[in-house]
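Colleague: Structure in structure tokens, see below.
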Amino acid sequence: MHSSLSRKLRLYWEFVRPFTLVAPSVGMLSGGLTAIGATTEGAGRWVSAWGDGPAAMALRIGAGALMAALLNGFSNTLNQIYDVEIDRINKPQRPLCEERITLREAWLVTVTLLVVSLLLALVVGRQCFLLAAAAAVFTWSYSAEPLRTKKRGMLANLTVAIPRGVLLKVCGWSTVKTILTPEPWIIGAVFGVFLLGATTTKDYADMKGDAVGGCRTLPLIYGVRRSAWMISPFFVIPFVGLVIAALQGWFTGDKTVLVGLGALLALWGAWVVQGILRDPDALAGSENHPSWRHMYLMMFALQAGFALAYWVRV
């Protein structure tokens, strides 16, 4: 019985796709660390707006990071339930496609992840809960009918970019400081604009199944080459915007570090773009095109860079 339970838990763990849970946890952690070093009305640097001491602050940020991971797990499992026929073509080795877990089990895991993540968000704070609930709504609208924005071109990108870019960063900020100030939303906008285009890099390898499933992603609507040109500016523009915002004094983090971060990522993004545009057809010929990997690396660099900029003073 113990070995049977262990096998089931391993299957559920595989179903959740654990390797994807790191990025949202890092996003929450970075958001909290950024907020610690920020100065807002009523709460200076190293001060929590919620009256937490160092230990309580760390626990709140940690709970937020776990919440983000579980909420992303909910997103993964929900998407697999609604995409099971598409995944039979694109990713046939997944547990639901191979019927190693039942649909009932899949729903049980999905609902459990949603409930636990929202309970954790409520423990973290009211603002965190509202943002997490909003992210869950976007997640549902992306995968599930009647909206199923995954079928609707750029609207699909928007319903990915808002929760995973904008709201994630603001939610991390809410673990330490209030979100009722422009600064966290401007930071979130940098991430959101980047993901608005960069998230399409995952769609090229899935074109065959998406076409069968009626998902009108940008590569299917506009073709590989044209869609590659469409998403390319999003690898550069948000980081140019970061430089401009830093020079305008819109952040309370270190201006020199933020300008350097934006310039570095704009150059990095331009380098990725030239690789994409040199051979756009290669996007559809590889399951993990280098641009997809660079999207994640750039996100991690941006997360680390913001935290650094708010903790140091050059």
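Each chain in the structure tokens gets a letter, A, B, ..., in the order shown, and its residues are numbered from 1; ligands are numbered from 1 in order too.
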Hey, which bits of stretch 98-147 of chain A sit within 12 Å of stretch 48-57 of chain A, and for each residue what's the closest pair of atoms and how far apart in Å (one decimal), counting only C-alpha atoms, rows by chain and increasing number, as a tab-separated table?

Modeller:
residue	atom	partner	partner_atom	distance
A:Val124	CA	A:Met57	CA	9.9
A:Gly125	CA	A:Trp50	CA	9.1
A:Arg126	CA	A:Trp50	CA	11.1
A:Gln127	CA	A:Trp50	CA	11.3

Colleague: Restricting it to N, CA and C atoms, dump the selection as an mmCIF file, in the first residue's frame.

Modeller:
data_model
loop_
_atom_site.group_PDB
_atom_site.id
_atom_site.type_symbol
_atom_site.label_atom_id
_atom_site.label_comp_id
_atom_site.auth_asym_id
_atom_site.auth_seq_id
_atom_site.Cartn_x
_atom_site.Cartn_y
_atom_site.Cartn_z
ATOM 1 N N VAL A 124 -0.875 35.286 3.884
ATOM 2 C CA VAL A 124 0.122 36.326 3.606
ATOM 3 C C VAL A 124 -0.480 37.710 3.801
ATOM 4 N N GLY A 125 -1.694 37.910 3.307
ATOM 5 C CA GLY A 125 -2.325 39.218 3.470
ATOM 6 C C GLY A 125 -3.458 39.433 2.487
ATOM 7 N N ARG A 126 -4.296 40.414 2.780
ATOM 8 C CA ARG A 126 -5.467 40.678 1.951
ATOM 9 C C ARG A 126 -5.076 41.082 0.531
ATOM 10 N N GLN A 127 -4.072 41.944 0.407
ATOM 11 C CA GLN A 127 -3.665 42.378 -0.922
ATOM 12 C C GLN A 127 -3.118 41.208 -1.735
#

Colleague: In terms of the shortest atom-to-atom distance over only C-alpha atoms, which of A:Thr217, A:Thr77, A:Ser4, A:Thr34 is closest to A:Arg148?

Modeller: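 Nearest candidate to A:Arg148 out of A:Thr217, A:Thr77, A:Ser4, A:Thr34: A:Thr217.
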
Colleague: Among stretch 11-250 of chain A, which residues carry a DSSP assignment of helix (DSSP H, G or I), reported as JSON, numbers by chain?

Modeller: {"A": [11, 12, 13, 14, 15, 16, 18, 19, 20, 22, 23, 24, 25, 26, 27, 28, 29, 30, 31, 32, 33, 34, 35, 36, 54, 55, 56, 57, 58, 59, 60, 61, 62, 63, 64, 65, 66, 67, 68, 69, 70, 71, 72, 73, 74, 75, 76, 77, 78, 79, 80, 81, 82, 84, 85, 86, 87, 88, 89, 90, 103, 104, 105, 106, 107, 108, 109, 110, 111, 112, 113, 114, 115, 116, 117, 118, 119, 120, 121, 122, 123, 124, 126, 127, 128, 129, 130, 131, 132, 133, 134, 135, 136, 137, 138, 139, 140, 141, 142, 143, 149, 150, 151, 154, 155, 156, 157, 158, 159, 160, 161, 162, 163, 164, 165, 166, 167, 168, 169, 170, 171, 172, 173, 182, 183, 184, 185, 186, 187, 188, 189, 190, 191, 192, 193, 194, 195, 196, 197, 198, 199, 200, 201, 202, 204, 205, 206, 207, 208, 209, 210, 211, 212, 218, 219, 220, 221, 222, 224, 225, 226, 227, 228, 229, 230, 231, 232, 233, 234, 235, 237, 238, 239, 240, 241, 242, 243, 244, 245, 246, 247]}

Colleague: Could you tell me which of A:Pro290, A:Pro92, A:Pro18, A:Gly32 comes closest to A:Asp206 if we count only C-alpha atoms?

Modeller: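 Of A:Pro290, A:Pro92, A:Pro18, A:Gly32, the one nearest A:Asp206 is A:Pro92, counting only C-alpha atoms.
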
Colleague: Suppose you want the space between atom CA of A:Pro219 and atom CA of A:Glu85; what is it in Å?

Modeller: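 Separation of atom CA of A:Pro219 and atom CA of A:Glu85: 19.5 Å.
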
Colleague: For stretch 171-175 of chain A, find every residue with an atom within 10 Å (counting only C-alpha atoms), except residues of its own chain fewer than 2 positions away, and show them as a PyMOL selection string.

Modeller: chain A and resi 24-36+38+48-50+52+57-65+68+121+124-132+135+163+166-169+177-180+183-185+187-188

Colleague: Can you work out the spacing between atom CA of A:Gln303 and atom CA of A:Ala205 in Å, to one decimal?

Modeller: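 So the answer is 26.5 Å.
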
Colleague: Out of A:Trp140, A:Glu41, A:Ala133, A:Leu218, which residue has the shortest atom-to-atom distance to A:Leu155 when counting only C-alpha atoms?

Modeller: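 Going through A:Trp140, A:Glu41, A:Ala133, A:Leu218 one by one, the smallest distance to A:Leu155 is for A:Leu218.
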
Colleague: Closest to A:Leu308 among A:Gly275, A:Gly209, A:Pro238, A:Gly253, using only C-alpha atoms?

Modeller: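 Counting only C-alpha atoms, the residue closest to A:Leu308 is A:Gly253.
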
Colleague: Name the closest residue to A:Met295 among the candidates A:Leu78, A:Leu196, A:Ala211, A:Ala245; distances are taken between atoms, counting only C-alpha atoms.

Modeller: A:Leu196

Colleague: Could you pull out the residues in stretch 16-216 of chain A that DSSP calls strand (DSSP E or B) from the backbone, as an NGL selection string?

Modeller: :A and (40 or 43 or 152 or 216)

Colleague: Please measure the separation of atom CA of A:Ala266 and atom CA of A:Ser291, giving the value in Å to one decimal.

Modeller: 14.3 Å
